[in-house]
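What follows is the content of coords.txt, which has compact mmCIF, C-alpha atoms:
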```
# COMPACT_ATOMS: atom_id res chain seq x y z
CA MET A 134 -49.27 27.75 -16.02
CA GLY A 135 -51.44 30.79 -15.37
CA ASN A 136 -55.18 31.20 -15.78
CA SER A 137 -55.65 33.51 -18.77
CA SER A 138 -59.28 34.42 -18.01
CA GLY A 139 -58.62 35.46 -14.42
CA ILE A 140 -61.62 33.37 -13.28
CA SER A 141 -61.08 30.07 -11.54
CA ARG A 142 -63.07 26.91 -12.21
CA GLY A 143 -64.70 27.34 -8.78
CA ASP A 144 -65.80 30.88 -9.72
CA ARG A 145 -67.30 29.62 -12.98
CA ASN A 146 -69.16 26.79 -11.21
CA ARG A 147 -70.47 29.20 -8.57
CA ASN A 148 -71.69 31.62 -11.26
CA VAL A 149 -73.51 28.79 -13.06
CA ARG A 150 -75.17 27.66 -9.80
CA LEU A 151 -76.25 31.22 -8.97
CA ALA A 152 -77.66 31.70 -12.47
CA ARG A 153 -79.76 28.54 -12.07
CA LEU A 154 -81.03 29.72 -8.69
CA ARG A 155 -81.90 33.19 -10.03
CA ALA A 156 -83.85 31.58 -12.88
CA LEU A 157 -86.11 29.93 -10.28
CA VAL A 158 -87.10 33.23 -8.67
CA PRO A 159 -89.40 35.59 -10.59
CA ALA A 160 -88.06 39.13 -10.96
CA GLN A 161 -91.08 40.61 -9.16
CA ASN A 162 -90.45 38.47 -6.05
CA ALA A 163 -88.20 39.36 -3.14
CA ILE A 164 -86.11 36.53 -1.70
CA VAL A 165 -86.66 35.46 1.90
CA GLY A 166 -83.83 33.39 3.32
CA ILE A 167 -84.57 31.49 6.51
CA ASP A 168 -82.00 29.77 8.68
CA LEU A 169 -84.04 27.12 10.44
CA ALA A 170 -83.09 26.03 13.95
CA ASP A 171 -84.89 24.51 16.90
CA ALA A 172 -86.24 27.57 18.69
CA LYS A 173 -84.57 30.57 17.03
CA GLN A 174 -85.13 31.34 13.33
CA MET A 175 -83.17 33.96 11.39
CA VAL A 176 -85.13 35.60 8.56
CA VAL A 177 -83.71 37.98 5.96
CA VAL A 178 -85.48 39.67 3.04
CA THR A 179 -83.26 40.50 0.05
CA ASP A 180 -83.57 41.66 -3.53
CA HIS A 181 -82.06 39.81 -6.49
CA ASP A 182 -78.67 41.46 -5.96
CA SER A 183 -78.53 40.14 -2.36
CA LYS A 184 -79.09 43.62 -0.93
CA VAL A 185 -80.64 43.13 2.50
CA LEU A 186 -84.01 44.85 2.79
CA ALA A 187 -84.89 43.60 6.28
CA ARG A 188 -83.59 41.16 8.87
CA LYS A 189 -85.21 39.80 12.00
CA THR A 190 -84.81 36.99 14.54
CA PHE A 191 -87.93 35.04 15.47
CA ARG A 192 -87.83 33.09 18.71
CA CYS A 193 -90.30 30.37 17.83
CA ARG A 194 -90.45 26.86 16.45
CA ALA A 195 -90.60 26.22 12.70
CA TRP A 196 -94.30 25.40 13.05
CA ASP A 197 -94.98 28.97 14.19
CA LEU A 198 -93.25 30.77 11.29
CA GLY A 199 -96.52 32.01 9.80
CA THR A 200 -95.97 35.38 11.48
CA ALA A 201 -92.45 35.51 10.04
CA LEU A 202 -93.77 34.85 6.53
CA ASP A 203 -96.38 37.59 6.94
CA TRP A 204 -93.68 39.96 8.23
CA ALA A 205 -91.45 39.15 5.26
CA ALA A 206 -94.30 39.70 2.79
CA ARG A 207 -95.02 43.12 4.33
CA ARG A 208 -91.35 44.15 4.12
CA ALA A 209 -91.18 42.99 0.50
CA SER A 210 -94.30 44.95 -0.45
CA GLU A 211 -92.83 48.06 1.19
CA ALA A 212 -89.85 47.62 -1.16
CA ASP A 213 -92.20 47.38 -4.20
CA PHE A 214 -92.09 43.60 -4.66
CA SER A 215 -95.37 41.84 -5.45
CA ALA A 216 -94.58 38.60 -3.60
CA VAL A 217 -91.75 36.68 -1.95
CA THR A 218 -89.94 33.45 -2.65
CA VAL A 219 -88.79 31.56 0.43
CA ALA A 220 -85.45 29.78 0.32
CA CYS A 221 -83.97 27.58 3.01
CA GLU A 222 -81.56 24.70 3.21
CA PRO A 223 -83.52 21.44 2.97
CA THR A 224 -82.11 19.68 6.00
CA GLY A 225 -83.95 17.93 8.77
CA HIS A 226 -87.72 18.06 9.03
CA ARG A 227 -88.28 21.80 9.60
CA TRP A 228 -88.07 22.78 5.93
CA ARG A 229 -91.03 20.50 5.13
CA VAL A 230 -93.11 22.37 7.70
CA LEU A 231 -92.01 25.64 6.13
CA GLY A 232 -93.15 24.31 2.75
CA GLN A 233 -96.58 23.56 4.18
CA LEU A 234 -96.79 27.07 5.64
CA ALA A 235 -95.72 28.62 2.33
CA ALA A 236 -98.37 26.60 0.47
CA ASP A 237 -101.10 27.98 2.74
CA PRO A 238 -103.24 30.40 0.70
CA GLY A 239 -103.29 32.78 3.67
CA HIS A 240 -99.63 33.68 3.08
CA ALA A 241 -98.38 35.56 0.01
CA VAL A 242 -95.25 33.46 -0.33
CA ARG A 243 -93.84 30.85 -2.68
CA LEU A 244 -91.34 28.18 -1.65
CA CYS A 245 -88.32 28.07 -3.92
CA PRO A 246 -88.05 24.56 -5.40
CA THR A 247 -84.32 24.25 -4.94
CA GLY A 248 -83.10 21.02 -6.46
CA ASP A 249 -80.58 18.67 -4.91
CA ASP A 250 -78.07 19.52 -7.63
CA LEU A 251 -78.01 23.11 -6.34
CA VAL A 252 -77.90 22.35 -2.62
CA VAL A 253 -76.09 19.08 -2.07
CA PRO A 254 -72.65 20.01 -3.47
CA ALA A 255 -72.25 22.86 -0.98
CA ARG A 256 -73.21 20.58 1.92
CA ARG A 257 -70.87 17.85 0.70
CA ARG A 258 -67.90 20.16 1.01
CA THR A 259 -68.63 20.92 4.67
CA SER A 260 -69.96 17.55 5.80
CA PRO A 261 -67.63 15.82 8.26
CA THR A 262 -68.84 12.42 7.00
CA THR A 263 -67.10 12.86 3.63
CA ARG A 264 -63.63 13.10 5.12
CA PRO A 265 -61.52 10.03 4.55
CA THR A 266 -61.25 7.78 7.54
CA ARG A 267 -58.00 6.29 8.76
CA LYS A 268 -57.66 2.56 8.90
CA ALA A 269 -57.01 1.14 12.32
CA ARG A 270 -53.41 0.06 12.82
CA CYS A 271 -52.70 -3.25 14.49
```
In structure tokens, what does this structure look like?
Amino acid sequence: MGNSSGISRGDRNRNVRLARLRALVPAQNAIVGIDLADAKQMVVVTDHDSKVLARKTFRCRAWDLGTALDWAARRASEADFSAVTVACEPTGHRWRVLGQLAADPGHAVRLCPTGDDLVVPARRRTSPTTRPTRKARC
């Protein structure tokens, strides 16, 4: 049987998730996505349509990302945004450090309060621990 709407259930679920994420970010804020790693951080500044405004690699630890946040705020203000909202995947301990840096009044950033219901399902699909295990044969 065919799908009369032309949109799959996965597409509908993705659209709902994206709508919830967009509701968390004020329209006057640019979005700063950070891929946290040990010593090399990828930072991208986008608008609400995911158009990349700036991208840069910072070779530093997560604890030293204050310069990256300042850089992102400058790039966002050049694109006529009043502030930025920082989004990252909440894994490991580095994202907590980023939250502390974003809460510092010296930086014009806001950490996006992404809930587990928005983040966990995507990680569950790619996690190797959710694959079924085979029983040992005797």
- Item | One-decimal distance in Å that lies between atom CA of A:Ala220 and atom CA of A:His181 |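 Between atom CA of A:His181 and atom CA of A:Ala220 the gap works out to 12.6 Å.
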- Pick from A:Asp144, A:Asp203, A:Asp197, A:Asp182, whichever lies nearest to A:Ala160 using all atoms listed in the file: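 Going through A:Asp144, A:Asp203, A:Asp197, A:Asp182 one by one, the smallest distance to A:Ala160 is for A:Asp182.
One finds atom CA of A:Val230 at 6.3 Å from atom CA of A:Trp196.
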- Task: Considering all atoms listed in the file, return as a PyMOL selection string whatever protein or nucleic-acid residues lie within 6 Å of stretch 185-190 of chain A, sequence-local ones (same chain, fewer than 3 positions apart) excluded.
- Result: chain A and resi 174-179
- What gap, in Å, lies between atom CA of A:Val158 and atom CA of A:Arg208?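 A separation of 17.3 Å between them.
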- Query: Quick one: residues within 12 Å of A:Arg207, all atoms listed in the file counted, chain neighbours fewer than 4 positions away excluded, as a PyMOL selection string?
  - Reply: chain A and resi 163+165+178+186-187+200-203+211-217+240-242
- Check the smallest atom-to-atom distance from each of A:Arg227, A:Arg145, A:Arg194, A:Arg150 to A:Ala172 using all atoms listed in the file, then report the winner.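 Once distances to A:Ala172 are computed over all atoms listed in the file, the minimum belongs to A:Arg194.
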- Message: Taking only C-alpha atoms into account, name the residue in A:Trp204, A:Lys173, A:Ile167, A:Ser210 that is nearest to A:Glu222.
- Response: A:Ile167
- Item | Counting all atoms listed in the file, the option among A:Ile140, A:Ala170, A:Leu234, A:Leu157 closest to A:Gly199 |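 Under the stated criterion, the closest residue is A:Leu234.
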- Message: Taking only C-alpha atoms into account, name the residue in A:Thr224, A:Asn146, A:Thr218, A:Gln233 that is nearest to A:Gly166.
- Response: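 Looking only at the distances to A:Gly166, the closest residue turns out to be A:Thr218.
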- Between A:Ala236, A:Asn162, A:Ser141, A:Pro223, which has the minimum distance to A:Ala205 (counting all atoms listed in the file)? A:Asn162
Could stretch 173-193 of chain A be completed with N, CA, C and O atoms and written as a PDB file, in the frame of the given file, please?
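Writing done, so here's result-v7.pdb:
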```
ATOM      1  N   LYS A 173     -84.956  29.215  17.425  1.00  0.00           N
ATOM      2  CA  LYS A 173     -84.570  30.570  17.030  1.00  0.00           C
ATOM      3  C   LYS A 173     -84.338  30.572  15.523  1.00  0.00           C
ATOM      4  O   LYS A 173     -83.433  29.911  15.021  1.00  0.00           O
ATOM      5  N   GLN A 174     -85.186  31.309  14.791  1.00  0.00           N
ATOM      6  CA  GLN A 174     -85.130  31.340  13.330  1.00  0.00           C
ATOM      7  C   GLN A 174     -84.649  32.709  12.881  1.00  0.00           C
ATOM      8  O   GLN A 174     -85.144  33.726  13.336  1.00  0.00           O
ATOM      9  N   MET A 175     -83.678  32.707  11.971  1.00  0.00           N
ATOM     10  CA  MET A 175     -83.170  33.960  11.390  1.00  0.00           C
ATOM     11  C   MET A 175     -83.837  34.144  10.031  1.00  0.00           C
ATOM     12  O   MET A 175     -83.795  33.246   9.197  1.00  0.00           O
ATOM     13  N   VAL A 176     -84.425  35.317   9.810  1.00  0.00           N
ATOM     14  CA  VAL A 176     -85.130  35.600   8.560  1.00  0.00           C
ATOM     15  C   VAL A 176     -84.551  36.872   7.953  1.00  0.00           C
ATOM     16  O   VAL A 176     -84.381  37.875   8.647  1.00  0.00           O
ATOM     17  N   VAL A 177     -84.235  36.813   6.660  1.00  0.00           N
ATOM     18  CA  VAL A 177     -83.710  37.980   5.960  1.00  0.00           C
ATOM     19  C   VAL A 177     -84.467  38.121   4.641  1.00  0.00           C
ATOM     20  O   VAL A 177     -84.758  37.140   3.973  1.00  0.00           O
ATOM     21  N   VAL A 178     -84.812  39.356   4.304  1.00  0.00           N
ATOM     22  CA  VAL A 178     -85.480  39.670   3.040  1.00  0.00           C
ATOM     23  C   VAL A 178     -84.477  40.407   2.174  1.00  0.00           C
ATOM     24  O   VAL A 178     -83.905  41.408   2.603  1.00  0.00           O
ATOM     25  N   THR A 179     -84.238  39.890   0.949  1.00  0.00           N
ATOM     26  CA  THR A 179     -83.260  40.500   0.050  1.00  0.00           C
ATOM     27  C   THR A 179     -83.873  40.710  -1.324  1.00  0.00           C
ATOM     28  O   THR A 179     -84.898  40.131  -1.664  1.00  0.00           O
ATOM     29  N   ASP A 180     -83.186  41.536  -2.123  1.00  0.00           N
ATOM     30  CA  ASP A 180     -83.570  41.660  -3.530  1.00  0.00           C
ATOM     31  C   ASP A 180     -82.710  40.690  -4.333  1.00  0.00           C
ATOM     32  O   ASP A 180     -81.979  39.882  -3.776  1.00  0.00           O
ATOM     33  N   HIS A 181     -82.782  40.764  -5.647  1.00  0.00           N
ATOM     34  CA  HIS A 181     -82.060  39.810  -6.490  1.00  0.00           C
ATOM     35  C   HIS A 181     -80.547  40.047  -6.515  1.00  0.00           C
ATOM     36  O   HIS A 181     -79.804  39.180  -6.957  1.00  0.00           O
ATOM     37  N   ASP A 182     -80.098  41.189  -6.040  1.00  0.00           N
ATOM     38  CA  ASP A 182     -78.670  41.460  -5.960  1.00  0.00           C
ATOM     39  C   ASP A 182     -78.114  41.186  -4.571  1.00  0.00           C
ATOM     40  O   ASP A 182     -77.024  41.631  -4.230  1.00  0.00           O
ATOM     41  N   SER A 183     -78.887  40.490  -3.742  1.00  0.00           N
ATOM     42  CA  SER A 183     -78.530  40.140  -2.360  1.00  0.00           C
ATOM     43  C   SER A 183     -78.413  41.343  -1.449  1.00  0.00           C
ATOM     44  O   SER A 183     -77.756  41.284  -0.413  1.00  0.00           O
ATOM     45  N   LYS A 184     -79.041  42.451  -1.820  1.00  0.00           N
ATOM     46  CA  LYS A 184     -79.090  43.620  -0.930  1.00  0.00           C
ATOM     47  C   LYS A 184     -80.143  43.335   0.134  1.00  0.00           C
ATOM     48  O   LYS A 184     -81.290  43.028  -0.173  1.00  0.00           O
ATOM     49  N   VAL A 185     -79.742  43.428   1.393  1.00  0.00           N
ATOM     50  CA  VAL A 185     -80.640  43.130   2.500  1.00  0.00           C
ATOM     51  C   VAL A 185     -81.649  44.256   2.657  1.00  0.00           C
ATOM     52  O   VAL A 185     -81.285  45.424   2.819  1.00  0.00           O
ATOM     53  N   LEU A 186     -82.927  43.890   2.606  1.00  0.00           N
ATOM     54  CA  LEU A 186     -84.010  44.850   2.790  1.00  0.00           C
ATOM     55  C   LEU A 186     -84.496  44.865   4.231  1.00  0.00           C
ATOM     56  O   LEU A 186     -84.911  45.899   4.733  1.00  0.00           O
ATOM     57  N   ALA A 187     -84.470  43.707   4.882  1.00  0.00           N
ATOM     58  CA  ALA A 187     -84.890  43.600   6.280  1.00  0.00           C
ATOM     59  C   ALA A 187     -84.331  42.313   6.862  1.00  0.00           C
ATOM     60  O   ALA A 187     -84.110  41.340   6.148  1.00  0.00           O
ATOM     61  N   ARG A 188     -84.114  42.329   8.171  1.00  0.00           N
ATOM     62  CA  ARG A 188     -83.590  41.160   8.870  1.00  0.00           C
ATOM     63  C   ARG A 188     -84.222  41.112  10.253  1.00  0.00           C
ATOM     64  O   ARG A 188     -84.375  42.139  10.915  1.00  0.00           O
ATOM     65  N   LYS A 189     -84.589  39.919  10.680  1.00  0.00           N
ATOM     66  CA  LYS A 189     -85.210  39.800  12.000  1.00  0.00           C
ATOM     67  C   LYS A 189     -85.012  38.382  12.535  1.00  0.00           C
ATOM     68  O   LYS A 189     -84.978  37.424  11.773  1.00  0.00           O
ATOM     69  N   THR A 190     -84.896  38.278  13.862  1.00  0.00           N
ATOM     70  CA  THR A 190     -84.810  36.990  14.540  1.00  0.00           C
ATOM     71  C   THR A 190     -86.168  36.674  15.146  1.00  0.00           C
ATOM     72  O   THR A 190     -86.756  37.519  15.824  1.00  0.00           O
ATOM     73  N   PHE A 191     -86.667  35.481  14.885  1.00  0.00           N
ATOM     74  CA  PHE A 191     -87.930  35.040  15.470  1.00  0.00           C
ATOM     75  C   PHE A 191     -87.633  33.915  16.444  1.00  0.00           C
ATOM     76  O   PHE A 191     -87.047  32.902  16.083  1.00  0.00           O
ATOM     77  N   ARG A 192     -88.030  34.116  17.693  1.00  0.00           N
ATOM     78  CA  ARG A 192     -87.830  33.090  18.710  1.00  0.00           C
ATOM     79  C   ARG A 192     -89.097  32.255  18.795  1.00  0.00           C
ATOM     80  O   ARG A 192     -89.987  32.512  19.606  1.00  0.00           O
ATOM     81  N   CYS A 193     -89.157  31.269  17.896  1.00  0.00           N
ATOM     82  CA  CYS A 193     -90.300  30.370  17.830  1.00  0.00           C
ATOM     83  C   CYS A 193     -89.867  29.089  17.145  1.00  0.00           C
ATOM     84  O   CYS A 193     -88.758  29.004  16.627  1.00  0.00           O
TER      85      CYS A 193
END
```
